Amino acid sequence: MNSNGHLTLIGLFGHPIHHSRSPLMQNAAFRAKGLPYTYVAFDVFPEQLKTAAESIRILGMRGVNVTIPHKVDIMACLDELSPAAKLIGAVNTVVNEKGTLIGHNTDGSGYVRSLLEETRLSLPDANVLVLGAGGAARAVAAAMALQGAKRIQIVNRTPEKGRELAERLGTFCPAEAVSYQDLPELVSEADLLVNTTSVGMHPNEQEIPLPPDLLHEKLVVSDLIYNPRQTRLLWEAAKRGAKTHGGLGMFIYQGAEAFTLWTGEDAPVELMRKTIESSL
Ligand code: ATR
């Protein structure tokens with residue numbers, strides 16, 4: 001709060017929105033740093049998105065987070081896009097710079113930061129194998145390509161979507177679409193395996209996106225699915241001696257990077273993590 005007791009608003013636009021833990025995490029971070037912001041979730045129906053985006057300027061909000069189902073459609077309401085948002089084709093964070101609305105994507109960069117901090121992987125030395133080619137795959141693969149991964153291979157149930165994604169990434173690092181049939185060889189040569197598919201998500205926790213016997217101890221295995229308990233993929237990977245990385249870090253760090261874009265300050269990451277863990 002400033003000396004007059006005023007707060008600047010930061011919003012979250014999504015639909016539905018009641019389950020989101022971002023308000024808890026961001027408000028704890030603003031309070032801990034003594035910053036004059038407050039974070040409020042708004043349930044925005046798709047047909048109201050344009051009006052909601054205009055309200056960012058009208059109400060003098062500092063910005064918003066954008067979540068499902070608005071991450072693609074919000075782009076048409078903005079003045080500028082960051083290189084990552086352009087490459088990913090989606091926005092999760094908007095910053096209001098004196099009336100100019102700038103779209104960013106911190107899902108991918110947040111993911112990479114949590115991956116590198118938690119596993120100590122070196123991306124320029126990493127052969128990366130990504131399972132899936134949907135929105136989440138685009139975000140994490142684009143961020144890894146922009147940060148100079150050695151090679152990215154994409155395997156997807158619908159091969160055409162895998163090829164499209166590999167083509168987009170190809171400008172930034174060697175990238176190719178590969179086939180499920182070749183998984184045994186691909187996994188044996190990979191350094192990092194990332195599951196971005198919904199296989200293993202609640203309520204199908206026993207499902208696993210590849211035969212577990214392909215996993216080996218030289219792999220880092222990362223699963224974007226966040227369950228309070230480990231996914232079966234991570235459990236099978238750990239059992240075989242692989243290093244594992246779960247989906248919670250991506251959520252914390254996408255929030256931390258958005259916090260920095262709005263405030264210009266480092267985010268209190270450990271406090272944000274503890275706030276989320278104690279709410280689960
Ligand atoms: P998100 O935004 O979470 O990435 P999405 O864009 O719907 O969600 O993408 C879901 C991904 O999981 C896709 O790659 C999808 O494969 P298709 O492109 O073939 O649809 C993948 N996926 C979902 N269910 C799957 C399953 N049972 N087996 C393999 N892949 C699956």
# chains A, B, ... in the order shown; residues from 1 in each chain; ligands from 1
call {"tool": "closest_atom_pairs", "arguments": {"of": "chain A", "to": "ligand 1", "cutoff": "9 Å", "atoms": "only C-alpha atoms and all ligand atoms", "output": "CSV"}}
result
residue,atom,partner,partner_atom_place_in_ligand_line,distance
A:Ile68,CA,ligand 1,2 (O),8.5
A:Leu131,CA,ligand 1,14 (O),7.1
A:Gly132,CA,ligand 1,14 (O),3.4
A:Ala133,CA,ligand 1,14 (O),4.0
A:Gly134,CA,ligand 1,6 (O),3.3
A:Gly135,CA,ligand 1,2 (O),3.7
A:Ala136,CA,ligand 1,4 (O),3.7
A:Ala137,CA,ligand 1,4 (O),5.6
A:Arg138,CA,ligand 1,4 (O),7.6
A:Ala139,CA,ligand 1,4 (O),8.6
A:Val155,CA,ligand 1,14 (O),8.4
A:Asn156,CA,ligand 1,14 (O),5.6
A:Arg157,CA,ligand 1,19 (O),3.9
A:Thr158,CA,ligand 1,19 (O),3.8
A:Pro159,CA,ligand 1,19 (O),7.3
A:Glu160,CA,ligand 1,18 (O),8.4
A:Lys161,CA,ligand 1,18 (O),6.0
A:Gly162,CA,ligand 1,18 (O),7.6
A:Asn195,CA,ligand 1,12 (O),8.7
A:Thr196,CA,ligand 1,4 (O),6.1
A:Thr197,CA,ligand 1,12 (O),3.3
A:Ser198,CA,ligand 1,12 (O),4.9
A:Val199,CA,ligand 1,26 (C),5.6
A:Gly200,CA,ligand 1,27 (N),8.9
A:Glu207,CA,ligand 1,27 (N),8.9
A:Pro209,CA,ligand 1,29 (C),6.6
A:Leu224,CA,ligand 1,3 (O),8.7
A:Ile225,CA,ligand 1,3 (O),8.8
call {"tool": "write_last_selection", "arguments": {"atoms": "C-alpha atoms", "output": "JSON list (two decimals), in the first residue's frame"}}
result
[["chain", "number", "residue", "atom", "x", "y", "z"],
["A", 68, "ILE", "CA", -7.55, -21.04, -20.11],
["A", 131, "LEU", "CA", 5.98, -36.00, -25.75],
["A", 132, "GLY", "CA", 3.00, -34.03, -27.10],
["A", 133, "ALA", "CA", 2.56, -30.99, -29.33],
["A", 134, "GLY", "CA", -0.34, -29.02, -27.77],
["A", 135, "GLY", "CA", -0.31, -25.61, -26.06],
["A", 136, "ALA", "CA", 1.91, -26.67, -23.15],
["A", 137, "ALA", "CA", 4.41, -28.35, -25.49],
["A", 138, "ARG", "CA", 4.61, -25.19, -27.60],
["A", 139, "ALA", "CA", 5.40, -23.08, -24.52],
["A", 155, "VAL", "CA", 6.67, -37.11, -30.74],
["A", 156, "ASN", "CA", 2.92, -36.64, -30.93],
["A", 157, "ARG", "CA", -0.14, -38.89, -31.35],
["A", 158, "THR", "CA", -1.23, -36.68, -34.27],
["A", 159, "PRO", "CA", 2.00, -36.51, -36.34],
["A", 160, "GLU", "CA", 0.98, -33.41, -38.32],
["A", 161, "LYS", "CA", 0.89, -31.28, -35.16],
["A", 162, "GLY", "CA", 4.34, -32.55, -34.19],
["A", 195, "ASN", "CA", 5.78, -35.19, -20.87],
["A", 196, "THR", "CA", 3.41, -32.44, -21.98],
["A", 197, "THR", "CA", 0.49, -34.76, -22.81],
["A", 198, "SER", "CA", -2.47, -35.21, -20.51],
["A", 199, "VAL", "CA", -1.69, -38.93, -20.08],
["A", 200, "GLY", "CA", -1.51, -39.60, -16.33],
["A", 207, "GLU", "CA", -1.67, -44.15, -17.08],
["A", 209, "PRO", "CA", 2.75, -41.96, -21.76],
["A", 224, "LEU", "CA", 4.20, -31.00, -16.63],
["A", 225, "ILE", "CA", 1.29, -32.66, -14.87]]
call {"tool": "residues_around", "arguments": {"residues": "Gly103 of chain A", "least_positions_apart": "6", "cutoff": "9 Å", "atoms": "only C-alpha atoms", "output": "PyMOL selection string"}}
result
chain A and resi 74-75+78-82+85-86+90-95
call {"tool": "residues_around", "arguments": {"residues": "Ile10 of chain A", "least_positions_apart": "3", "cutoff": "7 Å", "atoms": "only C-alpha atoms", "output": "VMD selection string"}}
result
chain A and resid 37 to 40 61 to 64
call {"tool": "write_last_selection", "arguments": {"atoms": "all heavy atoms", "output": "CSV table (one decimal), in the first residue's frame"}}
result
chain,number,residue,atom,x,y,z
A,37,TYR,N,0.5,-3.5,-4.6
A,37,TYR,CA,-0.4,-4.2,-5.6
A,37,TYR,C,-1.3,-5.1,-4.9
A,37,TYR,O,-1.0,-5.7,-3.9
A,37,TYR,CB,0.5,-5.0,-6.6
A,37,TYR,CG,1.4,-4.1,-7.4
A,37,TYR,CD1,2.8,-4.0,-7.0
A,37,TYR,CD2,1.0,-3.4,-8.5
A,37,TYR,CE1,3.7,-3.3,-7.8
A,37,TYR,CE2,1.9,-2.6,-9.3
A,37,TYR,CZ,3.2,-2.6,-8.9
A,37,TYR,OH,4.1,-1.8,-9.6
A,38,THR,N,-2.5,-5.4,-5.6
A,38,THR,CA,-3.4,-6.4,-5.2
A,38,THR,C,-3.8,-7.2,-6.4
A,38,THR,O,-4.0,-6.6,-7.5
A,38,THR,CB,-4.5,-5.9,-4.3
A,38,THR,OG1,-5.2,-7.0,-3.7
A,38,THR,CG2,-5.5,-5.1,-5.2
A,39,TYR,N,-4.0,-8.5,-6.2
A,39,TYR,CA,-4.2,-9.4,-7.4
A,39,TYR,C,-5.6,-10.1,-7.2
A,39,TYR,O,-5.9,-10.7,-6.2
A,39,TYR,CB,-3.1,-10.5,-7.3
A,39,TYR,CG,-3.0,-11.5,-8.5
A,39,TYR,CD1,-2.1,-11.3,-9.5
A,39,TYR,CD2,-3.9,-12.6,-8.5
A,39,TYR,CE1,-2.0,-12.2,-10.5
A,39,TYR,CE2,-3.8,-13.5,-9.6
A,39,TYR,CZ,-2.8,-13.3,-10.6
A,39,TYR,OH,-2.7,-14.2,-11.6
A,40,VAL,N,-6.4,-9.9,-8.2
A,40,VAL,CA,-7.8,-10.4,-8.1
A,40,VAL,C,-8.1,-11.2,-9.4
A,40,VAL,O,-7.8,-10.8,-10.5
A,40,VAL,CB,-8.8,-9.1,-8.1
A,40,VAL,CG1,-10.2,-9.6,-8.0
A,40,VAL,CG2,-8.4,-8.3,-6.8
A,61,MET,N,-5.0,-0.6,-14.5
A,61,MET,CA,-4.3,-1.8,-13.9
A,61,MET,C,-2.9,-1.9,-14.4
A,61,MET,O,-2.6,-1.5,-15.5
A,61,MET,CB,-5.1,-3.1,-14.4
A,61,MET,CG,-6.5,-3.2,-13.8
A,61,MET,SD,-7.5,-4.4,-14.7
A,61,MET,CE,-7.0,-5.9,-13.9
A,62,ARG,N,-2.0,-2.5,-13.6
A,62,ARG,CA,-0.6,-2.7,-14.0
A,62,ARG,C,-0.5,-3.9,-15.0
A,62,ARG,O,0.4,-3.9,-15.8
A,62,ARG,CB,0.2,-3.0,-12.7
A,62,ARG,CG,1.7,-3.4,-13.1
A,62,ARG,CD,2.4,-2.2,-13.8
A,62,ARG,NE,3.8,-2.5,-14.0
A,62,ARG,CZ,4.5,-2.1,-15.1
A,62,ARG,NH1,3.9,-1.4,-16.0
A,62,ARG,NH2,5.7,-2.4,-15.2
A,63,GLY,N,-1.4,-4.8,-15.0
A,63,GLY,CA,-1.4,-5.9,-15.9
A,63,GLY,C,-2.3,-7.0,-15.5
A,63,GLY,O,-3.1,-6.9,-14.5
A,64,VAL,N,-2.2,-8.1,-16.2
A,64,VAL,CA,-3.0,-9.3,-15.9
A,64,VAL,C,-2.2,-10.6,-16.2
A,64,VAL,O,-1.4,-10.5,-17.0
A,64,VAL,CB,-4.4,-9.4,-16.6
A,64,VAL,CG1,-5.3,-8.3,-16.2
A,64,VAL,CG2,-4.2,-9.4,-18.1
call {"tool": "closest_residue", "arguments": {"among": "A:Thr263, A:Ser122, A:Ser179, A:Thr106", "to": "Ala149 of chain A", "atoms": "only C-alpha atoms"}}
result
A:Ser122
call {"tool": "select_by_dssp", "arguments": {"residues": "segment 70-130 of chain A", "states": "alpha helix (DSSP H)", "output": "PDB file with N, CA, C and O atoms, in the first residue's frame"}}
result
ATOM      1  N   PRO A  83       9.051 -11.659 -28.054  1.00  0.00           N
ATOM      2  CA  PRO A  83       9.456 -12.715 -28.992  1.00  0.00           C
ATOM      3  C   PRO A  83       8.946 -14.097 -28.565  1.00  0.00           C
ATOM      4  O   PRO A  83       8.509 -14.890 -29.405  1.00  0.00           O
ATOM      5  N   ALA A  84       8.987 -14.404 -27.264  1.00  0.00           N
ATOM      6  CA  ALA A  84       8.533 -15.729 -26.805  1.00  0.00           C
ATOM      7  C   ALA A  84       7.035 -15.894 -27.042  1.00  0.00           C
ATOM      8  O   ALA A  84       6.575 -16.944 -27.504  1.00  0.00           O
ATOM      9  N   ALA A  85       6.257 -14.856 -26.745  1.00  0.00           N
ATOM     10  CA  ALA A  85       4.802 -14.940 -26.962  1.00  0.00           C
ATOM     11  C   ALA A  85       4.498 -15.167 -28.438  1.00  0.00           C
ATOM     12  O   ALA A  85       3.615 -15.952 -28.794  1.00  0.00           O
ATOM     13  N   LYS A  86       5.279 -14.500 -29.312  1.00  0.00           N
ATOM     14  CA  LYS A  86       5.081 -14.673 -30.764  1.00  0.00           C
ATOM     15  C   LYS A  86       5.384 -16.107 -31.176  1.00  0.00           C
ATOM     16  O   LYS A  86       4.620 -16.731 -31.907  1.00  0.00           O
ATOM     17  N   LEU A  87       6.519 -16.621 -30.706  1.00  0.00           N
ATOM     18  CA  LEU A  87       6.925 -17.966 -31.114  1.00  0.00           C
ATOM     19  C   LEU A  87       5.954 -19.025 -30.568  1.00  0.00           C
ATOM     20  O   LEU A  87       5.596 -19.977 -31.256  1.00  0.00           O
ATOM     21  N   ILE A  88       5.514 -18.841 -29.336  1.00  0.00           N
ATOM     22  CA  ILE A  88       4.604 -19.804 -28.718  1.00  0.00           C
ATOM     23  C   ILE A  88       3.198 -19.657 -29.304  1.00  0.00           C
ATOM     24  O   ILE A  88       2.457 -20.629 -29.447  1.00  0.00           O
ATOM     25  N   THR A 106       5.246 -16.363 -19.859  1.00  0.00           N
ATOM     26  CA  THR A 106       6.198 -16.822 -18.838  1.00  0.00           C
ATOM     27  C   THR A 106       6.017 -18.303 -18.540  1.00  0.00           C
ATOM     28  O   THR A 106       6.735 -18.845 -17.701  1.00  0.00           O
ATOM     29  N   ASP A 107       5.071 -18.970 -19.221  1.00  0.00           N
ATOM     30  CA  ASP A 107       4.897 -20.418 -18.981  1.00  0.00           C
ATOM     31  C   ASP A 107       6.168 -21.162 -19.384  1.00  0.00           C
ATOM     32  O   ASP A 107       6.665 -22.019 -18.656  1.00  0.00           O
ATOM     33  N   GLY A 108       6.667 -20.833 -20.581  1.00  0.00           N
ATOM     34  CA  GLY A 108       7.842 -21.536 -21.086  1.00  0.00           C
ATOM     35  C   GLY A 108       9.098 -21.150 -20.322  1.00  0.00           C
ATOM     36  O   GLY A 108       9.865 -22.007 -19.872  1.00  0.00           O
ATOM     37  N   SER A 109       9.323 -19.827 -20.158  1.00  0.00           N
ATOM     38  CA  SER A 109      10.553 -19.394 -19.476  1.00  0.00           C
ATOM     39  C   SER A 109      10.522 -19.823 -18.003  1.00  0.00           C
ATOM     40  O   SER A 109      11.552 -20.196 -17.437  1.00  0.00           O
ATOM     41  N   GLY A 110       9.337 -19.803 -17.393  1.00  0.00           N
ATOM     42  CA  GLY A 110       9.204 -20.267 -16.003  1.00  0.00           C
ATOM     43  C   GLY A 110       9.525 -21.751 -15.899  1.00  0.00           C
ATOM     44  O   GLY A 110      10.211 -22.200 -14.978  1.00  0.00           O
ATOM     45  N   TYR A 111       9.053 -22.484 -16.890  1.00  0.00           N
ATOM     46  CA  TYR A 111       9.336 -23.927 -16.906  1.00  0.00           C
ATOM     47  C   TYR A 111      10.841 -24.177 -16.972  1.00  0.00           C
ATOM     48  O   TYR A 111      11.398 -24.949 -16.189  1.00  0.00           O
ATOM     49  N   VAL A 112      11.512 -23.485 -17.898  1.00  0.00           N
ATOM     50  CA  VAL A 112      12.945 -23.736 -18.086  1.00  0.00           C
ATOM     51  C   VAL A 112      13.715 -23.341 -16.825  1.00  0.00           C
ATOM     52  O   VAL A 112      14.614 -24.055 -16.380  1.00  0.00           O
ATOM     53  N   ARG A 113      13.313 -22.226 -16.209  1.00  0.00           N
ATOM     54  CA  ARG A 113      14.033 -21.803 -14.999  1.00  0.00           C
ATOM     55  C   ARG A 113      13.886 -22.844 -13.886  1.00  0.00           C
ATOM     56  O   ARG A 113      14.844 -23.208 -13.215  1.00  0.00           O
ATOM     57  N   SER A 114      12.676 -23.361 -13.713  1.00  0.00           N
ATOM     58  CA  SER A 114      12.502 -24.352 -12.641  1.00  0.00           C
ATOM     59  C   SER A 114      13.249 -25.640 -12.988  1.00  0.00           C
ATOM     60  O   SER A 114      13.875 -26.253 -12.133  1.00  0.00           O
ATOM     61  N   LEU A 115      13.227 -26.019 -14.273  1.00  0.00           N
ATOM     62  CA  LEU A 115      13.943 -27.234 -14.696  1.00  0.00           C
ATOM     63  C   LEU A 115      15.443 -27.110 -14.410  1.00  0.00           C
ATOM     64  O   LEU A 115      16.057 -27.999 -13.821  1.00  0.00           O
ATOM     65  N   LEU A 116      16.030 -25.972 -14.804  1.00  0.00           N
ATOM     66  CA  LEU A 116      17.476 -25.817 -14.651  1.00  0.00           C
ATOM     67  C   LEU A 116      17.862 -25.703 -13.174  1.00  0.00           C
ATOM     68  O   LEU A 116      18.858 -26.276 -12.745  1.00  0.00           O
ATOM     69  N   GLU A 117      17.032 -24.992 -12.391  1.00  0.00           N
ATOM     70  CA  GLU A 117      17.377 -24.835 -10.975  1.00  0.00           C
ATOM     71  C   GLU A 117      17.210 -26.142 -10.212  1.00  0.00           C
ATOM     72  O   GLU A 117      17.965 -26.454  -9.306  1.00  0.00           O
ATOM     73  N   GLU A 118      16.199 -26.933 -10.594  1.00  0.00           N
ATOM     74  CA  GLU A 118      15.930 -28.149  -9.815  1.00  0.00           C
ATOM     75  C   GLU A 118      16.759 -29.353 -10.273  1.00  0.00           C
ATOM     76  O   GLU A 118      16.966 -30.277  -9.503  1.00  0.00           O
ATOM     77  N   THR A 119      17.206 -29.363 -11.533  1.00  0.00           N
ATOM     78  CA  THR A 119      17.916 -30.561 -12.017  1.00  0.00           C
ATOM     79  C   THR A 119      19.369 -30.294 -12.395  1.00  0.00           C
ATOM     80  O   THR A 119      20.110 -31.228 -12.636  1.00  0.00           O
TER      81      THR A 119
END
call {"tool": "atom_distance", "arguments": {"atom1": "atom CA of Ser55 of chain A", "atom2": "atom CA of Ile276 of chain A"}}
result
28.8 Å
call {"tool": "select_by_dssp", "arguments": {"residues": "segment 110-241 of chain A", "states": "strand (DSSP E)", "output": "PyMOL selection string"}}
result
chain A and resi 127-131+151-155+175-178+192-195+220-223
call {"tool": "closest_residue", "arguments": {"among": "A:Leu214, A:Cys77, A:Val130, A:Leu123", "to": "Gln147 of chain A", "atoms": "only C-alpha atoms"}}
result
A:Leu123
call {"tool": "atom_distance", "arguments": {"atom1": "atom CA of Gly246 of chain A", "atom2": "atom CA of Gln230 of chain A"}}
result
7.4 Å
call {"tool": "atom_distance", "arguments": {"atom1": "atom CA of Leu7 of chain A", "atom2": "atom CA of Leu35 of chain A"}}
result
8.8 Å
call {"tool": "closest_residue", "arguments": {"among": "A:Gly99, A:Glu236, A:Asn65, A:Phe30", "to": "Asp266 of chain A", "atoms": "only C-alpha atoms"}}
result
A:Phe30
call {"tool": "residues_around", "arguments": {"residues": "segment 187-193 of chain A", "least_positions_apart": "3", "cutoff": "9 Å", "atoms": "only C-alpha atoms", "output": "mmCIF file with C-alpha atoms, in the first residue's frame"}}
result
data_model
loop_
_atom_site.group_PDB
_atom_site.id
_atom_site.type_symbol
_atom_site.label_atom_id
_atom_site.label_comp_id
_atom_site.auth_asym_id
_atom_site.auth_seq_id
_atom_site.Cartn_x
_atom_site.Cartn_y
_atom_site.Cartn_z
ATOM 1 C CA LEU A 121 20.689 -29.813 -16.532
ATOM 2 C CA ASP A 125 24.361 -30.238 -24.088
ATOM 3 C CA ALA A 126 20.864 -31.727 -23.950
ATOM 4 C CA ASN A 127 19.085 -33.895 -26.497
ATOM 5 C CA VAL A 128 15.476 -33.153 -25.611
ATOM 6 C CA LEU A 129 12.559 -35.478 -26.372
ATOM 7 C CA VAL A 130 9.122 -33.861 -25.954
ATOM 8 C CA LEU A 131 5.981 -35.998 -25.748
ATOM 9 C CA ASP A 182 11.082 -45.191 -32.748
ATOM 10 C CA LEU A 183 10.672 -44.418 -29.029
ATOM 11 C CA PRO A 184 13.068 -47.134 -27.753
ATOM 12 C CA LEU A 214 12.405 -47.497 -21.708
ATOM 13 C CA LEU A 215 13.350 -45.153 -18.832
ATOM 14 C CA HIS A 216 16.981 -45.205 -17.710
ATOM 15 C CA LYS A 218 20.976 -41.164 -17.495
ATOM 16 C CA LEU A 219 17.680 -39.369 -18.162
ATOM 17 C CA VAL A 220 16.177 -36.294 -16.594
ATOM 18 C CA VAL A 221 12.413 -36.932 -16.703
ATOM 19 C CA SER A 222 10.083 -33.952 -16.441
ATOM 20 C CA ASP A 223 6.294 -34.152 -16.196
#
call {"tool": "closest_residue", "arguments": {"among": "A:Pro16, A:Val269, A:Phe45, A:Leu233", "to": "Met250 of chain A", "atoms": "only C-alpha atoms"}}
result
A:Val269
call {"tool": "decode", "arguments": {"residues": "segment 33-87 of chain A", "atoms": "C-alpha atoms", "output": "CSV table (one decimal), in the first residue's frame"}}
result
chain,number,residue,atom,x,y,z
A,33,LYS,CA,8.0,-7.4,-0.5
A,34,GLY,CA,5.8,-4.5,0.8
A,35,LEU,CA,4.6,-3.6,-2.8
A,36,PRO,CA,1.4,-1.6,-3.4
A,37,TYR,CA,-0.4,-4.2,-5.6
A,38,THR,CA,-3.4,-6.4,-5.2
A,39,TYR,CA,-4.2,-9.4,-7.4
A,40,VAL,CA,-7.8,-10.4,-8.1
A,41,ALA,CA,-9.2,-13.2,-10.3
A,42,PHE,CA,-12.0,-12.3,-12.7
A,43,ASP,CA,-14.2,-14.9,-14.3
A,44,VAL,CA,-14.3,-13.6,-17.9
A,45,PHE,CA,-16.6,-15.2,-20.4
A,46,PRO,CA,-15.0,-15.6,-23.9
A,47,GLU,CA,-17.4,-13.0,-25.5
A,48,GLN,CA,-16.3,-10.4,-22.9
A,49,LEU,CA,-12.6,-10.8,-23.3
A,50,LYS,CA,-12.2,-7.7,-25.5
A,51,THR,CA,-14.1,-5.5,-23.0
A,52,ALA,CA,-12.1,-7.0,-20.2
A,53,ALA,CA,-8.8,-6.2,-22.0
A,54,GLU,CA,-9.9,-2.6,-22.5
A,55,SER,CA,-10.6,-2.4,-18.8
A,56,ILE,CA,-6.9,-2.9,-18.1
A,57,ARG,CA,-6.3,0.6,-19.5
A,58,ILE,CA,-9.5,2.2,-18.3
A,59,LEU,CA,-8.9,1.1,-14.6
A,60,GLY,CA,-5.2,1.8,-14.7
A,61,MET,CA,-4.3,-1.8,-13.9
A,62,ARG,CA,-0.6,-2.7,-14.0
A,63,GLY,CA,-1.4,-5.9,-15.9
A,64,VAL,CA,-3.0,-9.3,-15.9
A,65,ASN,CA,-2.3,-13.0,-16.1
A,66,VAL,CA,-4.4,-14.8,-18.7
A,67,THR,CA,-5.3,-18.4,-18.4
A,68,ILE,CA,-7.6,-21.0,-20.1
A,69,PRO,CA,-9.4,-20.4,-22.4
A,70,HIS,CA,-8.1,-16.9,-23.3
A,71,LYS,CA,-4.3,-17.4,-23.9
A,72,VAL,CA,-4.6,-17.3,-27.7
A,73,ASP,CA,-7.5,-14.9,-28.2
A,74,ILE,CA,-6.1,-12.2,-25.9
A,75,MET,CA,-3.3,-11.6,-28.4
A,76,ALA,CA,-5.7,-9.7,-30.8
A,77,CYS,CA,-6.5,-7.3,-27.9
A,78,LEU,CA,-2.8,-6.2,-27.3
A,79,ASP,CA,-0.5,-3.6,-28.8
A,80,GLU,CA,2.8,-5.6,-28.7
A,81,LEU,CA,4.0,-9.2,-28.2
A,82,SER,CA,7.4,-10.4,-26.8
A,83,PRO,CA,9.5,-12.7,-29.0
A,84,ALA,CA,8.5,-15.7,-26.8
A,85,ALA,CA,4.8,-14.9,-27.0
A,86,LYS,CA,5.1,-14.7,-30.8
A,87,LEU,CA,6.9,-18.0,-31.1
